[in-house]
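model_6.cif follows (mmCIF, C-alpha atoms):
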data_my_file
#
loop_
_atom_site.group_PDB
_atom_site.id
_atom_site.type_symbol
_atom_site.label_atom_id
_atom_site.label_comp_id
_atom_site.auth_asym_id
_atom_site.auth_seq_id
_atom_site.Cartn_x
_atom_site.Cartn_y
_atom_site.Cartn_z
ATOM 1 C CA MET A 40 73.644 -18.339 31.280
ATOM 2 C CA ALA A 41 73.775 -14.584 30.835
ATOM 3 C CA PHE A 42 74.234 -13.303 27.338
ATOM 4 C CA LYS A 43 75.090 -9.706 26.616
ATOM 5 C CA LEU A 44 75.907 -8.298 23.224
ATOM 6 C CA ASP A 45 78.311 -5.381 23.083
ATOM 7 C CA GLU A 46 76.945 -3.761 19.953
ATOM 8 C CA LYS A 47 79.885 -1.398 19.533
ATOM 9 C CA VAL A 48 82.388 -4.239 19.578
ATOM 10 C CA VAL A 49 80.207 -6.300 17.264
ATOM 11 C CA LEU A 50 79.899 -3.445 14.793
ATOM 12 C CA GLY A 51 83.678 -3.072 14.782
ATOM 13 C CA ALA A 52 84.054 -6.771 14.029
ATOM 14 C CA PHE A 53 81.469 -6.494 11.280
ATOM 15 C CA ASP A 54 83.337 -3.611 9.654
ATOM 16 C CA ARG A 55 86.636 -5.473 9.845
ATOM 17 C CA LEU A 56 85.097 -8.418 8.038
ATOM 18 C CA ALA A 57 83.615 -6.088 5.463
ATOM 19 C CA VAL A 58 87.042 -4.598 4.774
ATOM 20 C CA LEU A 59 88.424 -8.122 4.427
ATOM 21 C CA GLY A 60 85.715 -8.882 1.906
ATOM 22 C CA VAL A 61 84.078 -11.518 4.071
ATOM 23 C CA ILE A 62 80.913 -9.479 4.394
ATOM 24 C CA HIS A 63 79.321 -8.909 1.027
ATOM 25 C CA TYR A 64 76.551 -6.531 0.228
ATOM 26 C CA GLY A 65 74.681 -8.357 -2.459
ATOM 27 C CA PRO A 66 73.105 -11.730 -3.008
ATOM 28 C CA SER A 67 75.748 -13.085 -5.347
ATOM 29 C CA GLU A 68 78.844 -12.180 -7.273
ATOM 30 C CA VAL A 69 76.839 -11.662 -10.414
ATOM 31 C CA VAL A 70 74.504 -9.177 -8.842
ATOM 32 C CA ARG A 71 77.294 -7.517 -6.959
ATOM 33 C CA LEU A 72 79.075 -6.917 -10.199
ATOM 34 C CA ALA A 73 75.965 -5.448 -11.692
ATOM 35 C CA ASP A 74 74.765 -3.363 -8.818
ATOM 36 C CA LYS A 75 77.021 -4.005 -5.837
ATOM 37 C CA GLU A 76 74.331 -3.662 -3.238
ATOM 38 C CA PHE A 77 70.895 -4.570 -2.177
ATOM 39 C CA THR A 78 68.342 -1.848 -1.955
ATOM 40 C CA VAL A 79 65.675 -1.828 0.647
ATOM 41 C CA LEU A 80 62.383 -0.479 -0.491
ATOM 42 C CA GLN A 81 61.103 1.217 2.541
ATOM 43 C CA CYS A 82 58.026 3.348 2.590
ATOM 44 C CA LYS A 83 58.397 6.865 3.815
ATOM 45 C CA ALA A 84 55.596 6.738 6.317
ATOM 46 C CA THR A 85 53.179 4.020 7.231
ATOM 47 C CA PHE A 86 52.595 0.557 5.923
ATOM 48 C CA GLU A 87 49.423 1.810 4.288
ATOM 49 C CA HIS A 88 51.413 4.437 2.474
ATOM 50 C CA PHE A 89 53.673 1.676 1.233
ATOM 51 C CA LEU A 90 50.708 -0.260 -0.080
ATOM 52 C CA THR A 91 49.045 2.598 -1.862
ATOM 53 C CA HIS A 92 51.888 4.704 -3.133
ATOM 54 C CA ILE A 93 55.025 4.125 -5.033
ATOM 55 C CA PRO A 94 57.510 3.352 -2.294
ATOM 56 C CA VAL A 95 60.210 5.856 -1.651
ATOM 57 C CA ARG A 96 63.655 4.397 -1.583
ATOM 58 C CA ILE A 97 65.310 5.132 1.695
ATOM 59 C CA PRO A 98 68.504 3.124 1.603
ATOM 60 C CA HIS A 99 69.194 1.892 5.060
ATOM 61 C CA MET A 100 72.786 1.129 5.927
ATOM 62 C CA SER A 101 73.375 -0.153 2.440
ATOM 63 C CA GLY A 102 76.617 1.618 1.617
ATOM 64 C CA LEU A 103 79.701 -0.421 0.991
ATOM 65 C CA VAL A 104 81.581 -0.294 4.250
ATOM 66 C CA SER A 105 84.805 -1.333 2.622
ATOM 67 C CA GLU A 106 84.810 1.666 0.345
ATOM 68 C CA ALA A 107 84.232 4.525 2.691
ATOM 69 C CA ASN A 108 83.582 3.010 6.087
ATOM 70 C CA ASP A 109 80.359 4.906 6.280
ATOM 71 C CA SER A 110 76.816 3.920 5.652
ATOM 72 C CA ARG A 111 75.725 6.542 3.191
ATOM 73 C CA CYS A 112 73.881 5.375 0.158
ATOM 74 C CA ARG A 113 75.840 6.001 -2.989
ATOM 75 C CA ILE A 114 72.671 6.825 -4.879
ATOM 76 C CA CYS A 115 71.103 9.554 -2.804
ATOM 77 C CA SER A 116 73.641 10.035 0.014
ATOM 78 C CA HIS A 117 71.016 9.382 2.652
ATOM 79 C CA SER A 118 72.993 8.710 5.754
ATOM 80 C CA GLY A 119 70.894 5.755 6.840
ATOM 81 C CA MET B 223 94.574 -44.740 0.039
ATOM 82 C CA THR B 224 93.228 -45.473 -3.444
ATOM 83 C CA VAL B 225 93.332 -42.885 -6.185
ATOM 84 C CA ASP B 226 89.549 -42.455 -5.917
ATOM 85 C CA ALA B 227 89.696 -42.042 -2.152
ATOM 86 C CA ALA B 228 92.476 -39.487 -2.505
ATOM 87 C CA PHE B 229 90.383 -37.572 -5.026
ATOM 88 C CA VAL B 230 87.380 -37.548 -2.711
ATOM 89 C CA ALA B 231 89.556 -36.448 0.215
ATOM 90 C CA THR B 232 91.030 -33.607 -1.845
ATOM 91 C CA GLN B 233 87.575 -32.513 -2.891
ATOM 92 C CA ALA B 234 86.396 -32.519 0.708
ATOM 93 C CA ASP B 235 89.419 -30.477 1.766
ATOM 94 C CA SER B 236 88.753 -27.869 -0.878
ATOM 95 C CA GLU B 237 85.058 -27.478 -0.134
ATOM 96 C CA PRO B 238 84.190 -24.231 1.596
ATOM 97 C CA GLU B 239 83.497 -24.593 5.297
ATOM 98 C CA LYS B 240 79.889 -24.588 6.365
ATOM 99 C CA PHE B 241 78.118 -24.221 9.680
ATOM 100 C CA GLY B 242 78.325 -27.930 10.387
ATOM 101 C CA PRO B 243 77.448 -31.139 8.555
ATOM 102 C CA GLY B 244 74.211 -30.876 6.662
ATOM 103 C CA SER B 245 74.371 -27.089 6.634
ATOM 104 C CA ASP B 246 73.978 -25.176 3.384
ATOM 105 C CA ILE B 247 75.256 -21.911 4.857
ATOM 106 C CA LEU B 248 78.883 -21.085 4.232
ATOM 107 C CA LYS B 249 81.152 -20.028 7.048
ATOM 108 C CA ASP B 250 83.391 -17.608 5.206
ATOM 109 C CA HIS B 251 85.643 -16.582 8.097
ATOM 110 C CA PRO B 252 86.178 -17.725 11.705
ATOM 111 C CA ASP B 253 85.362 -14.232 12.961
ATOM 112 C CA GLN B 254 81.930 -14.486 11.377
ATOM 113 C CA VAL B 255 80.856 -16.352 14.498
ATOM 114 C CA ILE B 256 80.055 -13.965 17.335
ATOM 115 C CA ASP B 257 78.938 -16.226 20.146
ATOM 116 C CA SER B 258 76.775 -19.144 21.087
ATOM 117 C CA ILE B 259 73.498 -18.722 22.902
ATOM 118 C CA ASN B 260 72.177 -21.290 25.359
ATOM 119 C CA GLY B 261 74.401 -23.981 23.858
ATOM 120 C CA THR B 262 71.702 -24.499 21.221
ATOM 121 C CA HIS B 263 72.345 -21.715 18.738
ATOM 122 C CA ILE B 264 75.221 -19.973 16.977
ATOM 123 C CA LEU B 265 75.103 -16.207 16.630
ATOM 124 C CA ALA B 266 76.963 -15.120 13.500
ATOM 125 C CA PHE B 267 77.128 -12.319 11.006
ATOM 126 C CA ASN B 268 75.103 -12.749 7.875
ATOM 127 C CA ALA B 269 77.820 -12.527 5.224
ATOM 128 C CA TYR B 270 75.306 -11.150 2.737
ATOM 129 C CA PRO B 271 73.617 -8.454 4.759
ATOM 130 C CA VAL B 272 71.287 -5.685 3.828
ATOM 131 C CA PHE B 273 71.758 -3.953 7.131
ATOM 132 C CA ARG B 274 74.843 -3.148 9.144
ATOM 133 C CA PRO B 275 75.112 -5.458 10.947
ATOM 134 C CA GLN B 276 72.724 -8.293 10.237
ATOM 135 C CA TYR B 277 72.738 -11.433 12.339
ATOM 136 C CA LEU B 278 72.083 -15.091 11.766
ATOM 137 C CA LEU B 279 70.947 -17.200 14.677
ATOM 138 C CA LEU B 280 71.564 -20.746 13.529
ATOM 139 C CA THR B 281 70.704 -23.983 15.255
ATOM 140 C CA LEU B 282 73.839 -25.685 16.550
ATOM 141 C CA ASP B 283 72.321 -28.897 15.204
ATOM 142 C CA SER B 284 73.086 -28.207 11.573
ATOM 143 C CA TYR B 285 70.668 -30.873 10.360
ATOM 144 C CA ARG B 286 67.683 -28.888 11.611
ATOM 145 C CA SER B 287 65.619 -27.582 8.724
ATOM 146 C CA GLN B 288 63.990 -24.328 7.755
ATOM 147 C CA ASN B 289 60.922 -26.404 6.933
ATOM 148 C CA GLU B 290 60.302 -26.845 10.676
ATOM 149 C CA PRO B 291 58.344 -24.294 12.678
ATOM 150 C CA MET B 292 60.240 -22.436 15.374
ATOM 151 C CA ASP B 293 60.532 -24.398 18.612
ATOM 152 C CA LEU B 294 60.958 -23.440 22.232
ATOM 153 C CA GLN B 295 64.764 -23.430 22.014
ATOM 154 C CA ASP B 296 64.597 -21.086 19.023
ATOM 155 C CA PHE B 297 62.447 -18.690 21.016
ATOM 156 C CA GLU B 298 64.663 -18.954 24.081
ATOM 157 C CA ALA B 299 67.753 -18.020 22.071
ATOM 158 C CA SER B 300 65.986 -15.276 20.114
ATOM 159 C CA TRP B 301 64.359 -13.805 23.182
ATOM 160 C CA LYS B 302 67.686 -13.776 24.980
ATOM 161 C CA PHE B 303 69.192 -11.819 22.111
ATOM 162 C CA LEU B 304 66.368 -9.279 22.113
ATOM 163 C CA ASP B 305 66.878 -8.795 25.823
ATOM 164 C CA SER B 306 70.630 -8.358 25.478
ATOM 165 C CA THR B 307 70.865 -5.243 23.347
ATOM 166 C CA SER B 308 70.253 -1.614 24.132
ATOM 167 C CA ASN B 309 68.963 -0.918 20.640
ATOM 168 C CA PRO B 310 65.688 -2.614 19.750
ATOM 169 C CA HIS B 311 65.931 -5.394 17.206
ATOM 170 C CA PHE B 312 63.507 -7.710 15.477
ATOM 171 C CA VAL B 313 63.712 -11.424 14.777
ATOM 172 C CA MET B 314 62.368 -12.937 11.592
ATOM 173 C CA TYR B 315 61.958 -16.498 10.438
ATOM 174 C CA ASN B 316 60.902 -17.681 7.004
ATOM 175 C CA CYS B 317 59.432 -21.144 7.358
ATOM 176 C CA THR B 318 59.793 -23.054 4.039
ATOM 177 C CA LYS B 319 60.743 -21.848 0.609
ATOM 178 C CA ASP B 320 57.196 -20.611 0.050
ATOM 179 C CA ALA B 321 57.781 -18.163 2.869
ATOM 180 C CA GLY B 322 60.898 -16.784 1.261
ATOM 181 C CA CYS B 323 63.696 -18.856 2.753
ATOM 182 C CA SER B 324 66.731 -19.450 0.565
ATOM 183 C CA ARG B 325 68.845 -21.614 2.883
ATOM 184 C CA TYR B 326 67.683 -24.719 4.676
ATOM 185 C CA HIS B 327 69.894 -24.833 7.750
ATOM 186 C CA LYS B 328 67.414 -23.601 10.326
ATOM 187 C CA HIS B 329 68.154 -19.987 11.121
ATOM 188 C CA MET B 330 66.524 -16.865 12.362
ATOM 189 C CA GLN B 331 67.667 -13.461 11.168
ATOM 190 C CA ILE B 332 67.982 -10.517 13.502
ATOM 191 C CA LEU B 333 68.068 -6.899 12.449
ATOM 192 C CA ARG B 334 67.698 -3.475 13.988
ATOM 193 C CA LYS B 335 64.082 -2.499 14.423
ATOM 194 C CA PRO B 336 63.326 0.329 12.015
ATOM 195 C CA GLU B 337 63.198 3.830 13.350
ATOM 196 C CA LEU B 338 61.501 3.115 16.644
ATOM 197 C CA ALA B 339 63.185 6.089 18.244
ATOM 198 C CA ASP B 340 61.147 8.380 16.038
ATOM 199 C CA ILE B 341 57.839 6.675 16.573
ATOM 200 C CA ASN B 342 56.048 9.989 16.934
ATOM 201 C CA ASP B 343 57.238 11.159 13.556
ATOM 202 C CA PRO B 344 54.599 10.151 11.007
ATOM 203 C CA ASP B 345 57.103 10.343 8.185
ATOM 204 C CA ILE B 346 59.276 7.602 9.593
ATOM 205 C CA PHE B 347 58.779 4.001 8.596
ATOM 206 C CA ARG B 348 57.763 1.586 11.286
ATOM 207 C CA PHE B 349 56.122 -1.778 11.324
ATOM 208 C CA PHE B 350 52.374 -1.430 11.202
ATOM 209 C CA PRO B 351 51.734 -3.001 14.629
ATOM 210 C CA ASP B 352 53.723 -0.095 16.056
ATOM 211 C CA ALA B 353 51.557 2.474 14.304
ATOM 212 C CA LYS B 354 48.861 2.253 16.923
ATOM 213 C CA GLU B 355 47.050 5.424 15.858
ATOM 214 C CA THR B 356 46.086 3.913 12.513
ATOM 215 C CA VAL B 357 44.347 0.746 11.434
ATOM 216 C CA PRO B 358 46.000 -0.140 8.152
ATOM 217 C CA HIS B 359 44.332 -2.135 5.459
ATOM 218 C CA VAL B 360 46.628 -5.104 5.099
ATOM 219 C CA PRO B 361 46.041 -7.121 1.925
ATOM 220 C CA TYR B 362 46.914 -10.460 3.498
ATOM 221 C CA VAL B 363 45.732 -12.389 6.531
ATOM 222 C CA TYR B 364 47.985 -12.169 9.557
ATOM 223 C CA PHE B 365 47.830 -13.213 13.193
ATOM 224 C CA LEU B 366 49.154 -10.776 15.749
ATOM 225 C CA ARG B 367 49.726 -11.056 19.493
ATOM 226 C CA GLN B 368 50.860 -8.348 21.864
ATOM 227 C CA LEU B 369 53.713 -9.430 24.128
ATOM 228 C CA ASP B 370 53.606 -6.565 26.602
ATOM 229 C CA HIS B 371 52.803 -9.007 29.395
ATOM 230 C CA VAL B 372 55.792 -11.265 28.733
ATOM 231 C CA LEU B 373 58.682 -11.034 31.163
ATOM 232 C CA PRO B 374 62.258 -10.729 29.855
ATOM 233 C CA ASP B 375 63.120 -14.308 30.820
ATOM 234 C CA ASP B 376 59.854 -15.899 29.766
ATOM 235 C CA ALA B 377 60.503 -17.064 26.216
ATOM 236 C CA GLU B 378 58.139 -19.942 26.851
ATOM 237 C CA ALA B 379 55.238 -17.503 27.022
ATOM 238 C CA VAL B 380 56.197 -16.174 23.591
ATOM 239 C CA PHE B 381 56.483 -19.707 22.270
ATOM 240 C CA ASN B 382 53.026 -20.521 23.633
ATOM 241 C CA GLU B 383 51.571 -17.496 21.863
ATOM 242 C CA TYR B 384 53.268 -18.578 18.650
ATOM 243 C CA THR B 385 51.965 -22.121 19.002
ATOM 244 C CA GLN B 386 48.408 -20.819 19.127
ATOM 245 C CA LEU B 387 48.966 -18.629 16.090
ATOM 246 C CA LEU B 388 50.576 -21.512 14.235
ATOM 247 C CA ARG B 389 47.425 -23.562 14.765
ATOM 248 C CA GLN B 390 45.366 -20.754 13.246
ATOM 249 C CA CYS B 391 47.828 -20.542 10.399
ATOM 250 C CA ARG B 392 47.528 -24.254 9.659
ATOM 251 C CA LYS B 393 43.745 -24.076 9.647
ATOM 252 C CA LEU B 394 43.798 -21.167 7.242
ATOM 253 C CA LEU B 395 46.085 -23.088 4.903
ATOM 254 C CA GLY B 396 43.768 -26.098 4.956
ATOM 255 C CA LEU B 397 45.798 -28.232 7.327
ATOM 256 C CA HIS B 398 44.696 -29.789 10.563
ATOM 257 C CA GLU B 399 45.669 -27.421 13.352
ATOM 258 C CA ASN B 400 47.817 -30.084 15.023
ATOM 259 C CA ASP B 401 49.381 -31.350 11.820
ATOM 260 C CA SER B 402 53.072 -30.901 12.506
ATOM 261 C CA SER B 403 54.232 -33.199 9.706
ATOM 262 C CA SER B 404 52.958 -31.173 6.742
ATOM 263 C CA LEU B 405 54.779 -28.076 5.584
ATOM 264 C CA CYS B 406 53.120 -24.912 6.789
ATOM 265 C CA PRO B 407 54.585 -21.926 4.934
ATOM 266 C CA HIS B 408 54.564 -18.854 7.134
ATOM 267 C CA ASN B 409 56.624 -15.902 8.219
ATOM 268 C CA ILE B 410 57.271 -14.998 11.812
ATOM 269 C CA LEU B 411 58.460 -11.595 12.861
ATOM 270 C CA PHE B 412 58.670 -10.476 16.441
ATOM 271 C CA VAL B 413 59.957 -7.749 18.679
ATOM 272 C CA LYS B 414 59.705 -7.472 22.444
ATOM 273 C CA GLU B 415 56.259 -5.909 22.163
ATOM 274 C CA TRP B 416 54.488 -8.112 19.626
ATOM 275 C CA LEU B 417 54.666 -11.188 17.426
ATOM 276 C CA ILE B 418 53.138 -11.627 13.991
ATOM 277 C CA VAL B 419 52.576 -14.794 11.960
ATOM 278 C CA ILE B 420 51.839 -14.440 8.239
ATOM 279 C CA PRO B 421 50.526 -17.492 6.345
ATOM 280 C CA ARG B 422 52.033 -17.766 2.871
ATOM 281 C CA ARG B 423 50.703 -19.151 -0.366
ATOM 282 C CA ARG B 424 53.877 -18.790 -2.400
ATOM 283 C CA GLY B 425 57.447 -17.595 -2.216
ATOM 284 C CA SER B 426 57.365 -15.480 -5.334
ATOM 285 C CA TYR B 427 54.864 -13.845 -7.627
ATOM 286 C CA GLU B 428 55.879 -13.151 -11.203
ATOM 287 C CA GLY B 429 59.498 -13.309 -10.178
ATOM 288 C CA ILE B 430 59.111 -11.019 -7.193
ATOM 289 C CA SER B 431 59.750 -12.520 -3.779
ATOM 290 C CA ALA B 432 59.528 -11.361 -0.205
ATOM 291 C CA ASN B 433 60.553 -12.758 3.138
ATOM 292 C CA ALA B 434 59.111 -11.771 6.520
ATOM 293 C CA ALA B 435 60.558 -8.272 6.376
ATOM 294 C CA GLY B 436 59.249 -7.839 2.852
ATOM 295 C CA MET B 437 55.751 -8.798 3.901
ATOM 296 C CA MET B 438 55.988 -6.113 6.566
ATOM 297 C CA GLY B 439 56.926 -3.412 4.081
ATOM 298 C CA MET B 440 60.669 -3.856 3.752
ATOM 299 C CA PRO B 441 61.190 -5.965 0.647
ATOM 300 C CA ILE B 442 64.746 -6.591 -0.387
ATOM 301 C CA ILE B 443 65.637 -6.539 -4.041
ATOM 302 C CA PRO B 444 68.759 -7.903 -5.669
ATOM 303 C CA HIS B 445 68.767 -5.411 -8.507
ATOM 304 C CA MET B 446 67.175 -2.113 -9.397
ATOM 305 C CA SER B 447 65.063 -3.753 -12.098
ATOM 306 C CA TYR B 448 63.117 -5.365 -9.273
ATOM 307 C CA TYR B 449 62.336 -1.950 -7.919
ATOM 308 C CA GLN B 450 60.518 -1.132 -11.132
ATOM 309 C CA ALA B 451 58.731 -4.474 -10.948
ATOM 310 C CA TRP B 452 57.435 -3.667 -7.455
ATOM 311 C CA ILE B 453 56.179 -0.339 -8.743
ATOM 312 C CA ASP B 454 54.587 -1.847 -11.846
ATOM 313 C CA LYS B 455 52.819 -4.698 -10.061
ATOM 314 C CA GLY B 456 51.936 -2.663 -7.000
ATOM 315 C CA PRO B 457 53.073 -3.549 -3.468
ATOM 316 C CA ALA B 458 49.552 -4.326 -2.220
ATOM 317 C CA ASN B 459 48.885 -6.651 -5.119
ATOM 318 C CA ILE B 460 52.201 -8.446 -4.700
ATOM 319 C CA LEU B 461 51.780 -8.974 -0.973
ATOM 320 C CA GLU B 462 48.214 -10.175 -1.467
ATOM 321 C CA GLN B 463 49.482 -12.775 -3.931
ATOM 322 C CA LEU B 464 52.297 -13.905 -1.671
ATOM 323 C CA GLY B 465 50.115 -14.199 1.405
ATOM 324 C CA VAL B 466 46.507 -15.286 1.807
ATOM 325 C CA SER B 467 44.236 -12.546 0.538
ATOM 326 C CA SER B 468 42.351 -10.747 3.266
ATOM 327 C CA ARG B 469 39.520 -9.856 0.888
ATOM 328 C CA ASN B 470 37.531 -13.014 1.504
ATOM 329 C CA THR B 471 38.076 -13.382 5.217
#
Produce structure tokens that represent the structure in this file.
Amino acid sequence: MAFKLDEKVVLGAFDRLAVLGVIHYGPSEVVRLADKEFTVLQCKATFEHFLTHIPVRIPHMSGLVSEANDSRCRICSHSG
Amino acid sequence: MTVDAAFVATQADSEPEKFGPGSDILKDHPDQVIDSINGTHILAFNAYPVFRPQYLLLTLDSYRSQNEPMDLQDFEASWKFLDSTSNPHFVMYNCTKDAGCSRYHKHMQILRKPELADINDPDIFRFFPDAKETVPHVPYVYFLRQLDHVLPDDAEAVFNEYTQLLRQCRKLLGLHENDSSSLCPHNILFVKEWLIVIPRRRGSYEGISANAAGMMGMPIIPHMSYYQAWIDKGPANILEQLGVSSRNT
């Protein structure tokens, strides 16, 4: 059976659930209260760079959708 | 109905809904479910995402366990997803707690592949198998297969590649290569171009854990204090401890 994902529609559904509070950024209530969001440690360049240097935080779609409906990180405003 | 039976019934009614009997994954909202794939898997939003969006691909049989390796049906559903989107995604699976799984209802996770569009930009993160111009020193043993030859509808070919890598993984972990009854902690991460299997020794090291994405350079932390811990311990050291060290192989 054919399966096709309409990513635009899916993203809209995701955002609706985030506004409703169904989608949580954070592993638990406790951590959400403390920090509100996960952070992805992502190296700036290659995997080797990641292994040998202090990783640069490039938040990746980690903004709270329910607050601003955008994906900018609230720490450094990187737009993800 | 007895008082006890009524109490039990009330308790059952008030329990949060899960993705089927035996599941330990909560279904927080009906709209969390996106679709079914192949009649074997449920595609749903991960309610605790890191990325926007982040998908769960759960077995419809909610008694299936994360302690099992991926099977052909898992690959068929995952491969169908990868073939269905215009943006490239990756599938990851954390087999057993020692590979970083936190829920036992068998599920794959699917996320957008990082920054593939800018693959020629050396400052952009990508998975190391995509950085073909460099040969990185990876501190853990991994098994990698290119999937360039696999046709869009040939998930079985991907499964066959995985099966071979799983045998190698078992041998490395001291199991018989055909031993399907013992737990074999490993991460799987695959895109349309390649598949990697990472044998695991432990799920966490000094309180720091990583799943498949973490082993590939995208660790997820629940709090900023963990960020400092990654820096203090050193990413290479942590990954070497979580996987099987590549120093002696």
Find the residues with any atom within 8 Å of (64.6, -12.2, 24.7); use only C-alpha atoms and the coordinates as given in the file, and write the answer as a ChimeraX atom specification.
/B:297-306,374-377,414
Residues of chain B near chain A: apply a cut-off of 7 Å, count all atoms listed in the file, and supply the list as an NGL selection string.
:B and (250-251 or 260 or 269-275 or 302 or 306-307 or 344-350 or 358-359 or 439-445 or 453 or 457-458)
Could you give me, as a PyMOL selection string, the residues within 8 Å of B:Phe312, counting only C-alpha atoms and dropping anything in the same chain fewer than 4 positions from it?
chain B and resi 304+332-335+411-414
Mind telling me what the PyMOL selection byres ((chain B and resi 289-291) around 12) catches here, as a ChimeraX atom specification?
/B:281,285-288,292-297,315-330,381,384-385,387-389,391-392,401-410,419
Explicit residue set for the PyMOL selection byres ((chain B and resi 263) around 7), as an NGL selection string:
:B and (258-262 or 264-265 or 279-282 or 299)
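Relative to atom CA of B:Lys354, atom CA of B:Leu373 is found at 21.8 Å.
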Can you work out the spacing between atom CA of A:Val58 and atom CA of B:Val255 in Å, to one decimal?
16.5 Å
Assuming the chain letters and numbering stay as they are in my file, what does the PyMOL selection byres ((chain B and resi 362) around 8) actually select? List them as number ranges by chain.
B: 360-361, 363-364, 420, 461-462, 465-469
Pairwise distance for atom CA of B:Ile460 and atom CA of B:Met314, rounded to one decimal in Å:
19.7 Å
Selected residue of minimal separation from B:Glu415 among B:Gln390, B:Asn400, B:Asn382, B:Gln368, counting only C-alpha atoms
B:Gln368
